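input31.csv follows (CSV, C-alpha atoms):
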chain,number,residue,atom,x,y,z
A,1,MET,CA,39.9,54.8,-12.7
A,2,LYS,CA,42.1,51.9,-11.9
A,3,TYR,CA,41.0,48.4,-12.7
A,4,ALA,CA,42.5,45.0,-12.0
A,5,ALA,CA,42.0,42.8,-15.1
A,6,LEU,CA,42.0,39.1,-14.2
A,7,LEU,CA,43.2,37.1,-17.2
A,8,THR,CA,41.7,33.7,-17.1
A,9,THR,CA,42.9,30.5,-18.8
A,10,ASN,CA,40.6,27.5,-19.3
A,11,ALA,CA,41.4,24.1,-18.0
A,12,ASP,CA,41.8,22.5,-21.4
A,13,ASP,CA,44.4,25.1,-22.5
A,14,VAL,CA,46.3,24.5,-19.2
A,15,ALA,CA,46.2,20.7,-19.7
A,16,ALA,CA,47.4,21.1,-23.3
A,17,TRP,CA,50.1,23.4,-22.2
A,18,GLU,CA,51.3,20.9,-19.6
A,19,ARG,CA,51.5,18.1,-22.2
A,20,MET,CA,53.7,20.1,-24.5
A,21,THR,CA,57.4,19.5,-24.9
A,22,PRO,CA,59.6,22.5,-24.1
A,23,GLU,CA,60.0,23.0,-27.8
A,24,GLU,CA,56.3,23.0,-28.4
A,25,ALA,CA,55.7,25.3,-25.5
A,26,ALA,CA,58.3,27.7,-26.9
A,27,ALA,CA,56.7,27.6,-30.3
A,28,ALA,CA,53.2,28.3,-28.8
A,29,ARG,CA,54.6,31.2,-26.8
A,30,ALA,CA,56.4,32.6,-29.9
A,31,GLU,CA,53.0,32.7,-31.6
A,32,GLU,CA,51.4,34.7,-28.7
A,33,VAL,CA,54.3,37.1,-28.3
A,34,PRO,CA,53.5,39.4,-31.3
A,35,LYS,CA,49.9,39.8,-30.1
A,36,TRP,CA,51.2,41.0,-26.8
A,37,GLU,CA,53.8,43.2,-28.4
A,38,ALA,CA,51.1,44.8,-30.5
A,39,LEU,CA,49.0,45.5,-27.4
A,40,PHE,CA,51.8,47.1,-25.6
A,41,ALA,CA,53.0,49.1,-28.6
A,42,GLU,CA,49.5,50.5,-29.0
A,43,LEU,CA,48.5,51.0,-25.4
A,44,GLY,CA,51.8,51.4,-23.6
A,45,PRO,CA,52.3,55.1,-24.6
A,46,THR,CA,48.8,56.0,-23.4
A,47,GLY,CA,49.6,55.0,-19.8
A,48,ALA,CA,46.7,52.6,-19.8
A,49,LEU,CA,48.8,49.6,-18.8
A,50,GLY,CA,50.2,49.3,-15.3
A,51,SER,CA,52.0,46.3,-13.7
A,52,GLY,CA,51.2,43.0,-15.2
A,53,TYR,CA,51.8,39.5,-13.9
A,54,GLU,CA,51.7,36.3,-16.0
A,55,LEU,CA,51.2,33.4,-13.7
A,56,ASP,CA,52.7,30.0,-13.9
A,57,SER,CA,50.2,27.1,-14.3
A,58,PRO,CA,47.5,26.8,-11.5
A,59,THR,CA,49.0,23.4,-10.5
A,60,THR,CA,52.2,25.2,-9.4
A,61,GLY,CA,50.2,27.3,-6.9
A,62,ARG,CA,49.4,26.6,-3.3
A,63,THR,CA,46.4,27.5,-1.1
A,64,VAL,CA,47.0,28.8,2.4
A,65,ARG,CA,44.5,28.8,5.2
A,66,VAL,CA,44.9,29.4,8.9
A,67,ARG,CA,42.5,27.7,11.2
A,68,ASP,CA,42.8,27.9,15.0
A,69,GLY,CA,46.3,29.3,14.7
A,70,GLU,CA,47.5,26.5,12.5
A,71,THR,CA,48.7,27.1,8.9
A,72,ILE,CA,47.3,24.6,6.4
A,73,VAL,CA,49.0,24.7,3.0
A,74,THR,CA,47.5,22.6,0.2
A,75,ASP,CA,48.8,22.2,-3.4
A,76,GLY,CA,46.9,23.7,-6.2
A,77,PRO,CA,44.5,26.5,-6.7
A,78,PHE,CA,41.8,27.7,-4.4
A,79,ALA,CA,38.8,26.8,-6.6
A,80,GLU,CA,38.5,23.9,-9.1
A,81,THR,CA,36.8,25.9,-11.8
A,82,LYS,CA,36.9,25.5,-15.5
A,83,GLU,CA,38.5,28.9,-15.9
A,84,GLN,CA,41.4,29.8,-13.6
A,85,VAL,CA,43.3,33.0,-13.1
A,86,GLY,CA,46.2,33.0,-15.4
A,87,GLY,CA,47.4,36.5,-15.1
A,88,LEU,CA,46.6,39.9,-13.8
A,89,MET,CA,47.1,43.3,-15.3
A,90,GLU,CA,46.5,46.7,-13.7
A,91,ILE,CA,44.9,49.1,-16.2
A,92,GLU,CA,44.0,52.7,-16.0
A,93,ALA,CA,40.9,53.8,-17.9
A,94,GLU,CA,38.5,56.7,-17.8
A,95,ASP,CA,35.5,54.5,-17.2
A,96,LEU,CA,34.2,51.0,-17.4
A,97,ASP,CA,33.5,51.2,-21.1
A,98,ALA,CA,37.1,52.3,-21.8
A,99,ALA,CA,38.3,49.4,-19.6
A,100,ILE,CA,36.1,47.0,-21.5
A,101,ALA,CA,37.6,48.2,-24.8
A,102,ILE,CA,41.1,47.5,-23.4
A,103,ALA,CA,40.1,44.1,-22.0
A,104,ALA,CA,38.8,43.2,-25.5
A,105,ARG,CA,42.3,43.7,-26.8
A,106,ILE,CA,44.1,41.4,-24.4
A,107,PRO,CA,45.0,38.2,-26.3
A,108,VAL,CA,43.5,35.7,-23.9
A,109,VAL,CA,40.0,37.2,-24.3
A,110,HIS,CA,39.5,35.2,-27.4
A,111,ARG,CA,40.0,31.8,-25.7
A,112,ALA,CA,39.0,32.5,-22.1
A,113,ALA,CA,37.9,35.7,-20.4
A,114,VAL,CA,39.0,38.9,-18.7
A,115,GLU,CA,37.3,39.9,-15.5
A,116,LEU,CA,37.5,43.6,-14.7
A,117,ARG,CA,37.4,44.7,-11.1
A,118,PRO,CA,37.6,48.3,-9.9
A,119,VAL,CA,40.5,48.9,-7.5
A,120,ILE,CA,39.7,50.6,-4.2
A,121,GLU,CA,42.1,53.5,-4.0
A,122,HIS,CA,43.3,54.1,-0.4
B,1,MET,CA,61.1,35.6,-7.7
B,2,GLN,CA,57.6,37.0,-7.5
B,3,TYR,CA,54.4,35.4,-6.2
B,4,LEU,CA,50.9,36.7,-6.5
B,5,ALA,CA,48.7,36.1,-3.4
B,6,LEU,CA,45.1,36.0,-4.4
B,7,ILE,CA,42.9,36.7,-1.3
B,8,TYR,CA,39.5,35.0,-1.1
B,9,GLY,CA,36.9,35.6,1.6
B,10,GLU,CA,33.3,36.0,2.3
B,11,GLU,CA,32.3,39.5,1.4
B,12,GLY,CA,29.5,40.1,3.9
B,13,ARG,CA,31.9,39.4,6.8
B,14,TRP,CA,33.6,42.8,7.0
B,15,ALA,CA,30.2,44.5,7.6
B,16,GLU,CA,29.6,42.2,10.6
B,17,LEU,CA,32.9,43.1,12.3
B,18,SER,CA,33.1,45.6,15.2
B,19,GLN,CA,35.0,48.8,14.7
B,20,GLU,CA,37.7,47.4,16.9
B,21,GLU,CA,38.0,44.2,14.9
B,22,ARG,CA,38.2,46.1,11.6
B,23,GLU,CA,41.0,48.4,12.9
B,24,SER,CA,42.9,45.3,14.1
B,25,GLU,CA,42.6,43.6,10.7
B,26,MET,CA,43.4,46.8,8.8
B,27,SER,CA,46.6,47.2,10.8
B,28,GLU,CA,47.6,43.6,9.9
B,29,TYR,CA,47.0,44.5,6.2
B,30,MET,CA,49.0,47.7,6.6
B,31,ALA,CA,51.9,45.9,8.3
B,32,LEU,CA,52.0,43.4,5.4
B,33,SER,CA,51.9,46.2,2.8
B,34,GLN,CA,55.0,47.7,4.5
B,35,GLU,CA,57.0,44.5,4.4
B,36,SER,CA,60.0,44.8,2.2
B,37,ALA,CA,58.9,41.6,0.4
B,38,THR,CA,55.6,43.3,-0.6
B,39,VAL,CA,56.1,44.8,-4.1
B,40,GLY,CA,52.5,45.3,-5.1
B,41,GLY,CA,48.9,44.7,-4.4
B,42,ASN,CA,45.4,46.1,-4.4
B,43,GLU,CA,42.1,45.8,-2.7
B,44,LEU,CA,39.3,45.2,-5.1
B,45,ASP,CA,35.8,46.5,-5.1
B,46,SER,CA,33.0,43.9,-4.5
B,47,VAL,CA,32.2,41.1,-6.9
B,48,ALA,CA,28.9,42.9,-7.6
B,49,THR,CA,31.0,45.5,-9.6
B,50,ALA,CA,32.8,42.8,-11.7
B,51,THR,CA,32.5,42.8,-15.4
B,52,THR,CA,33.6,39.9,-17.5
B,53,VAL,CA,34.7,40.3,-21.1
B,54,ARG,CA,35.0,37.7,-23.8
B,55,VAL,CA,35.6,38.0,-27.5
B,56,ARG,CA,34.2,35.2,-29.8
B,57,GLY,CA,34.8,35.7,-33.4
B,58,ASP,CA,34.4,39.5,-33.9
B,59,GLU,CA,31.9,39.9,-31.2
B,60,THR,CA,32.7,41.3,-27.8
B,61,LEU,CA,30.5,39.7,-25.1
B,62,VAL,CA,30.2,41.7,-21.9
B,63,THR,CA,28.5,40.2,-18.8
B,64,ASP,CA,28.0,41.5,-15.3
B,65,GLY,CA,29.7,39.5,-12.6
B,66,PRO,CA,32.8,37.5,-12.1
B,67,PHE,CA,34.1,34.8,-14.5
B,68,ALA,CA,33.4,32.2,-11.8
B,69,GLU,CA,30.8,32.3,-9.1
B,70,LEU,CA,32.4,31.3,-5.8
B,71,LYS,CA,31.2,31.2,-2.3
B,72,GLU,CA,34.3,33.1,-1.3
B,73,ALA,CA,35.1,36.1,-3.5
B,74,LEU,CA,38.4,37.5,-4.6
B,75,GLY,CA,38.8,40.6,-2.6
B,76,GLY,CA,42.3,41.7,-3.4
B,77,TYR,CA,45.9,40.6,-3.9
B,78,TYR,CA,49.5,41.1,-2.9
B,79,VAL,CA,52.6,40.7,-4.9
B,80,PHE,CA,55.5,39.3,-2.9
B,81,GLU,CA,59.1,39.1,-3.9
B,82,CYS,CA,60.5,36.0,-2.2
B,83,SER,CA,63.2,33.4,-2.6
B,84,SER,CA,60.8,30.5,-2.4
B,85,ILE,CA,57.1,29.6,-2.4
B,86,ASP,CA,57.4,28.5,1.2
B,87,GLN,CA,58.4,32.1,2.1
B,88,ALA,CA,55.5,33.5,0.1
B,89,CYS,CA,53.1,31.1,1.9
B,90,ALA,CA,54.4,32.2,5.3
B,91,LEU,CA,53.6,35.8,4.3
B,92,ALA,CA,50.2,34.7,2.9
B,93,ALA,CA,49.4,33.1,6.3
B,94,ARG,CA,49.7,36.5,7.9
B,95,ILE,CA,46.9,37.9,5.7
B,96,PRO,CA,43.8,38.1,7.9
B,97,ALA,CA,41.5,36.5,5.3
B,98,ALA,CA,43.6,33.3,5.6
B,99,ARG,CA,42.0,32.8,8.9
B,100,HIS,CA,38.4,32.6,7.6
B,101,GLY,CA,38.9,32.3,3.8
B,102,ALA,CA,41.9,31.3,1.8
B,103,VAL,CA,44.9,32.8,0.0
B,104,GLU,CA,46.1,31.3,-3.3
B,105,VAL,CA,49.8,31.7,-3.8
B,106,ARG,CA,50.9,31.6,-7.5
B,107,PRO,CA,54.3,31.9,-8.9
B,108,VAL,CA,54.7,34.6,-11.5
B,109,TYR,CA,55.9,33.2,-14.8
B,110,VAL,CA,59.3,34.2,-15.9
B,111,ASP,CA,60.1,33.9,-19.6
B,112,GLY,CA,62.6,31.2,-20.4
B,113,GLY,CA,60.4,28.4,-19.3
B,114,GLU,CA,61.4,28.4,-15.6
B,115,PRO,CA,60.6,30.6,-12.7
B,116,SER,CA,63.7,32.5,-11.8

Write the structure described by the file as C-alpha coordinates, please.
Amino acid sequence: MKYAALLTTNADDVAAWERMTPEEAAAARAEEVPKWEALFAELGPTGALGSGYELDSPTTGRTVRVRDGETIVTDGPFAETKEQVGGLMEIEAEDLDAAIAIAARIPVVHRAAVELRPVIEH
Amino acid sequence: MQYLALIYGEEGRWAELSQEERESEMSEYMALSQESATVGGNELDSVATATTVRVRGDETLVTDGPFAELKEALGGYYVFECSSIDQACALAARIPAARHGAVEVRPVYVDGGEPS
(Lines of atoms letter the chains of each structure in order from A and count residues from 1; the text may use other names and numbers.)
(Lines give C-alpha, C1' and ligand atoms only; values in the text may rest on other atoms or scores of the structure.)
Protein backbone atom coordinates (compact mmCIF):
# COMPACT_ATOMS: atom_id res chain seq x y z
CA MET A 1 0.00 0.00 0.00
CA LYS A 2 1.03 3.52 -0.66
CA TYR A 3 1.00 6.04 2.19
CA ALA A 4 1.63 9.73 2.36
CA ALA A 5 3.66 10.52 5.46
CA LEU A 6 3.11 14.10 6.61
CA LEU A 7 6.15 15.22 8.50
CA THR A 8 5.28 17.87 11.01
CA THR A 9 7.38 20.49 12.69
CA ASN A 10 6.38 22.25 15.84
CA ALA A 11 6.03 25.99 16.04
CA ASP A 12 8.84 26.38 18.59
CA ASP A 13 11.31 24.61 16.29
CA VAL A 14 10.21 26.75 13.36
CA ALA A 15 10.62 29.92 15.44
CA ALA A 16 14.06 28.79 16.62
CA TRP A 17 15.02 27.98 13.05
CA GLU A 18 13.98 31.42 11.86
CA ARG A 19 16.07 33.12 14.55
CA MET A 20 19.22 31.26 13.51
CA THR A 21 21.98 32.92 11.58
CA PRO A 22 22.77 31.22 8.26
CA GLU A 23 25.83 29.66 9.94
CA GLU A 24 23.77 28.28 12.83
CA ALA A 25 21.15 26.97 10.42
CA ALA A 26 23.83 25.24 8.37
CA ALA A 27 25.26 23.65 11.53
CA ALA A 28 21.80 22.48 12.63
CA ARG A 29 21.20 20.96 9.21
CA ALA A 30 24.59 19.29 9.23
CA GLU A 31 23.57 17.57 12.46
CA GLU A 32 20.36 16.25 10.88
CA VAL A 33 21.84 15.09 7.60
CA PRO A 34 23.49 11.87 8.87
CA LYS A 35 20.16 10.75 10.36
CA TRP A 36 18.48 11.16 7.00
CA GLU A 37 21.36 9.49 5.20
CA ALA A 38 21.08 6.52 7.52
CA LEU A 39 17.36 6.26 6.83
CA PHE A 40 17.84 6.36 3.07
CA ALA A 41 20.78 3.96 3.19
CA GLU A 42 18.69 1.42 5.06
CA LEU A 43 15.30 1.84 3.41
CA GLY A 44 16.27 3.13 -0.03
CA PRO A 45 17.17 -0.29 -1.43
CA THR A 46 13.90 -1.80 -0.16
CA GLY A 47 11.86 0.52 -2.39
CA ALA A 48 9.89 1.74 0.63
CA LEU A 49 10.68 5.39 0.02
CA GLY A 50 9.12 7.25 -2.87
CA SER A 51 9.20 10.96 -3.60
CA GLY A 52 9.91 13.23 -0.68
CA TYR A 53 9.45 16.95 -0.26
CA GLU A 54 11.02 19.01 2.49
CA LEU A 55 9.11 22.25 2.79
CA ASP A 56 10.37 25.70 3.48
CA SER A 57 9.08 27.28 6.69
CA PRO A 58 5.27 27.68 6.99
CA THR A 59 5.56 31.46 6.93
CA THR A 60 6.82 31.25 3.33
CA GLY A 61 3.58 29.60 2.28
CA ARG A 62 0.41 31.14 0.96
CA THR A 63 -3.18 30.09 1.25
CA VAL A 64 -5.42 30.29 -1.78
CA ARG A 65 -9.21 30.47 -1.72
CA VAL A 66 -11.66 31.23 -4.49
CA ARG A 67 -14.96 32.78 -3.45
CA ASP A 68 -17.56 33.94 -5.97
CA GLY A 69 -15.05 33.73 -8.78
CA GLU A 70 -12.49 35.86 -6.95
CA THR A 71 -9.09 34.46 -5.98
CA ILE A 72 -8.06 35.43 -2.46
CA VAL A 73 -4.43 34.79 -1.55
CA THR A 74 -3.23 35.24 2.02
CA ASP A 75 0.28 34.87 3.42
CA GLY A 76 1.03 31.99 5.73
CA PRO A 77 -0.33 28.53 6.31
CA PHE A 78 -3.94 27.43 6.24
CA ALA A 79 -4.23 26.52 9.91
CA GLU A 80 -2.57 28.16 12.90
CA THR A 81 -1.79 24.94 14.70
CA LYS A 82 1.10 24.16 17.01
CA GLU A 83 2.36 21.53 14.62
CA GLN A 84 2.60 22.38 10.97
CA VAL A 85 3.32 20.31 7.90
CA GLY A 86 7.05 20.48 7.35
CA GLY A 87 7.48 17.85 4.68
CA LEU A 88 5.87 14.97 2.89
CA MET A 89 7.21 11.56 1.98
CA GLU A 90 5.52 8.93 -0.10
CA ILE A 91 6.14 5.50 1.31
CA GLU A 92 5.30 2.02 0.14
CA ALA A 93 4.55 -0.52 2.85
CA GLU A 94 2.81 -3.85 3.05
CA ASP A 95 0.38 -2.67 5.70
CA LEU A 96 -0.17 0.01 8.31
CA ASP A 97 2.12 -1.65 10.85
CA ALA A 98 4.96 -1.70 8.35
CA ALA A 99 4.26 1.96 7.54
CA ILE A 100 4.33 2.81 11.26
CA ALA A 101 7.70 1.10 11.60
CA ILE A 102 9.04 3.27 8.78
CA ALA A 103 7.46 6.42 10.20
CA ALA A 104 9.16 5.73 13.53
CA ARG A 105 12.52 5.94 11.73
CA ILE A 106 11.94 9.38 10.20
CA PRO A 107 14.11 11.84 12.16
CA VAL A 108 11.38 14.41 12.87
CA VAL A 109 9.30 11.80 14.69
CA HIS A 110 11.32 12.44 17.86
CA ARG A 111 10.52 16.15 18.04
CA ALA A 112 7.18 16.37 16.29
CA ALA A 113 5.02 13.74 14.56
CA VAL A 114 4.47 11.81 11.37
CA GLU A 115 0.89 11.42 10.16
CA LEU A 116 0.29 8.47 7.87
CA ARG A 117 -2.50 8.66 5.32
CA PRO A 118 -3.35 5.92 2.84
CA VAL A 119 -3.21 7.14 -0.74
CA ILE A 120 -6.21 6.43 -2.96
CA GLU A 121 -4.86 4.71 -6.05
CA HIS A 122 -6.70 5.70 -9.19
CA MET B 1 11.25 25.37 -8.34
CA GLN B 2 8.71 23.06 -6.76
CA TYR B 3 5.67 23.90 -4.68
CA LEU B 4 3.49 21.59 -2.68
CA ALA B 5 -0.21 22.48 -2.81
CA LEU B 6 -2.01 21.02 0.21
CA ILE B 7 -5.72 20.72 -0.47
CA TYR B 8 -8.12 21.27 2.45
CA GLY B 9 -11.88 20.80 2.31
CA GLU B 10 -14.90 19.52 4.16
CA GLU B 11 -14.97 15.77 3.84
CA GLY B 12 -18.72 15.27 3.87
CA ARG B 13 -19.22 17.57 0.94
CA TRP B 14 -18.36 15.11 -1.83
CA ALA B 15 -21.13 12.73 -0.75
CA GLU B 16 -23.65 15.54 -1.11
CA LEU B 17 -22.77 16.38 -4.70
CA SER B 18 -24.85 15.16 -7.61
CA GLN B 19 -23.27 12.76 -10.08
CA GLU B 20 -23.04 15.60 -12.57
CA GLU B 21 -21.24 17.88 -10.10
CA ARG B 22 -18.80 15.13 -9.18
CA GLU B 23 -17.96 14.45 -12.80
CA SER B 24 -17.47 18.14 -13.42
CA GLU B 25 -15.08 18.51 -10.45
CA MET B 26 -13.29 15.30 -11.31
CA SER B 27 -12.62 16.59 -14.82
CA GLU B 28 -11.10 19.75 -13.32
CA TYR B 29 -8.79 17.62 -11.17
CA MET B 30 -7.87 15.48 -14.17
CA ALA B 31 -7.10 18.58 -16.25
CA LEU B 32 -4.79 19.87 -13.50
CA SER B 33 -3.10 16.48 -13.25
CA GLN B 34 -2.29 16.68 -16.94
CA GLU B 35 -0.78 20.17 -16.79
CA SER B 36 2.92 20.12 -17.65
CA ALA B 37 3.61 22.03 -14.39
CA THR B 38 2.09 19.18 -12.34
CA VAL B 39 4.88 16.80 -11.37
CA GLY B 40 3.23 14.86 -8.57
CA GLY B 41 0.27 14.53 -6.30
CA ASN B 42 -2.11 12.15 -4.62
CA GLU B 43 -5.60 11.91 -3.27
CA LEU B 44 -5.63 10.83 0.36
CA ASP B 45 -8.04 8.53 2.10
CA SER B 46 -10.28 10.15 4.72
CA VAL B 47 -8.96 11.60 7.95
CA ALA B 48 -10.66 8.70 9.76
CA THR B 49 -7.92 6.47 8.34
CA ALA B 50 -5.10 8.70 9.61
CA THR B 51 -2.52 7.37 12.04
CA THR B 52 -0.11 9.64 13.86
CA VAL B 53 3.25 8.38 15.03
CA ARG B 54 5.53 9.99 17.60
CA VAL B 55 8.64 8.66 19.27
CA ARG B 56 9.53 9.95 22.72
CA GLY B 57 12.59 8.46 24.30
CA ASP B 58 12.57 4.86 23.11
CA GLU B 59 8.83 4.61 22.98
CA THR B 60 6.80 4.69 19.78
CA LEU B 61 3.41 6.30 20.41
CA VAL B 62 0.76 5.55 17.81
CA THR B 63 -2.58 7.34 17.87
CA ASP B 64 -5.55 7.16 15.53
CA GLY B 65 -6.39 10.35 13.75
CA PRO B 66 -4.53 13.29 12.26
CA PHE B 67 -1.85 15.35 14.02
CA ALA B 68 -4.23 18.32 14.12
CA GLU B 69 -8.02 18.29 14.22
CA LEU B 70 -9.26 20.78 11.67
CA LYS B 71 -12.70 21.64 10.41
CA GLU B 72 -11.40 21.24 6.91
CA ALA B 73 -9.37 18.13 6.32
CA LEU B 74 -6.33 17.56 4.16
CA GLY B 75 -7.66 15.54 1.26
CA GLY B 76 -4.77 15.48 -1.15
CA TYR B 77 -1.96 17.42 -2.73
CA TYR B 78 -0.34 18.39 -5.96
CA VAL B 79 3.32 19.10 -6.63
CA PHE B 80 3.81 21.94 -9.10
CA GLU B 81 6.99 22.93 -10.89
CA CYS B 82 6.72 26.69 -11.38
CA SER B 83 8.97 29.68 -11.80
CA SER B 84 7.29 31.62 -8.99
CA ILE B 85 4.91 31.20 -6.08
CA ASP B 86 2.42 33.44 -7.92
CA GLN B 87 2.29 30.92 -10.73
CA ALA B 88 1.81 28.09 -8.23
CA CYS B 89 -1.03 30.06 -6.58
CA ALA B 90 -2.68 30.55 -9.98
CA LEU B 91 -2.68 26.78 -10.47
CA ALA B 92 -3.91 26.27 -6.91
CA ALA B 93 -6.86 28.57 -7.64
CA ARG B 94 -7.97 26.08 -10.29
CA ILE B 95 -8.30 23.28 -7.74
CA PRO B 96 -12.04 22.80 -7.11
CA ALA B 97 -11.52 22.65 -3.33
CA ALA B 98 -10.22 26.25 -3.44
CA ARG B 99 -13.83 27.32 -4.05
CA HIS B 100 -15.19 25.86 -0.80
CA GLY B 101 -12.08 25.02 1.24
CA ALA B 102 -8.53 26.26 0.86
CA VAL B 103 -5.25 25.31 -0.76
CA GLU B 104 -1.98 25.94 1.08
CA VAL B 105 0.92 26.51 -1.30
CA ARG B 106 4.34 25.78 0.18
CA PRO B 107 7.76 26.17 -1.42
CA VAL B 108 9.79 22.97 -1.40
CA TYR B 109 13.07 23.58 0.39
CA VAL B 110 16.16 23.35 -1.73
CA ASP B 111 19.42 22.64 0.07
CA GLY B 112 21.81 25.55 0.11
CA GLY B 113 19.59 27.80 2.16
CA GLU B 114 17.52 29.31 -0.59
CA PRO B 115 14.80 27.98 -2.80
CA SER B 116 16.15 27.68 -6.32

So that each row is one residue of chain B with an atom at most 6 Å from chain A, can you give its shortest atom pair and the distance in Å to one decimal, using all atoms listed in the file, rows by chain and rising number, as JSON lines?
{"residue": "B:Glu43", "atom": "CA", "partner": "A:Ile120", "partner_atom": "CA", "distance": 5.6}
{"residue": "B:Leu44", "atom": "CA", "partner": "A:Val119", "partner_atom": "CA", "distance": 4.6}
{"residue": "B:Asp45", "atom": "CA", "partner": "A:Pro118", "partner_atom": "CA", "distance": 5.4}
{"residue": "B:Ala50", "atom": "CA", "partner": "A:Arg117", "partner_atom": "CA", "distance": 5.0}
{"residue": "B:Thr51", "atom": "CA", "partner": "A:Leu116", "partner_atom": "CA", "distance": 5.1}
{"residue": "B:Thr52", "atom": "CA", "partner": "A:Glu115", "partner_atom": "CA", "distance": 4.2}
{"residue": "B:Val53", "atom": "CA", "partner": "A:Val114", "partner_atom": "CA", "distance": 5.1}
{"residue": "B:Arg54", "atom": "CA", "partner": "A:Ala113", "partner_atom": "CA", "distance": 4.9}
{"residue": "B:Val55", "atom": "CA", "partner": "A:His110", "partner_atom": "CA", "distance": 4.8}
{"residue": "B:Arg56", "atom": "CA", "partner": "A:His110", "partner_atom": "CA", "distance": 5.8}
{"residue": "B:Ala98", "atom": "CA", "partner": "A:Arg65", "partner_atom": "CA", "distance": 4.6}
{"residue": "B:Arg99", "atom": "CA", "partner": "A:Val66", "partner_atom": "CA", "distance": 4.5}
{"residue": "B:Ala102", "atom": "CA", "partner": "A:Arg65", "partner_atom": "CA", "distance": 5.0}
{"residue": "B:Val103", "atom": "CA", "partner": "A:Val64", "partner_atom": "CA", "distance": 5.1}
{"residue": "B:Glu104", "atom": "CA", "partner": "A:Thr63", "partner_atom": "CA", "distance": 4.4}
{"residue": "B:Val105", "atom": "CA", "partner": "A:Arg62", "partner_atom": "CA", "distance": 5.1}
{"residue": "B:Arg106", "atom": "CA", "partner": "A:Gly61", "partner_atom": "CA", "distance": 4.4}
{"residue": "B:Pro107", "atom": "CA", "partner": "A:Asp56", "partner_atom": "CA", "distance": 5.6}
{"residue": "B:Val108", "atom": "CA", "partner": "A:Leu55", "partner_atom": "CA", "distance": 4.3}
{"residue": "B:Tyr109", "atom": "CA", "partner": "A:Asp56", "partner_atom": "CA", "distance": 4.6}

Please, what distance in Å, to one decimal, runs between CA of Gly47 in chain A and CA of Glu32 in chain A?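 Separation of CA of Gly47 in chain A and CA of Glu32 in chain A: 22.2 Å.
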
Between A:Thr46, A:Ala28, A:Ala38, A:Thr21, which one has atoms that come closest to Glu94 in chain A, using all atoms listed in the file?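 Under the stated criterion, the closest residue is A:Thr46.
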
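Note that CA of Gln2 in chain B and CA of Ala93 in chain B are 16.5 Å apart.
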
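For the residues B:Ser46, B:Thr60, B:Gln87, B:Thr38, ranking by smallest atom-to-atom distance to Glu72 in chain B using only C-alpha atoms places B:Ser46 first.
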
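Relative to CA of Ile95 in chain B, CA of Ala73 in chain B is found at 15.1 Å.
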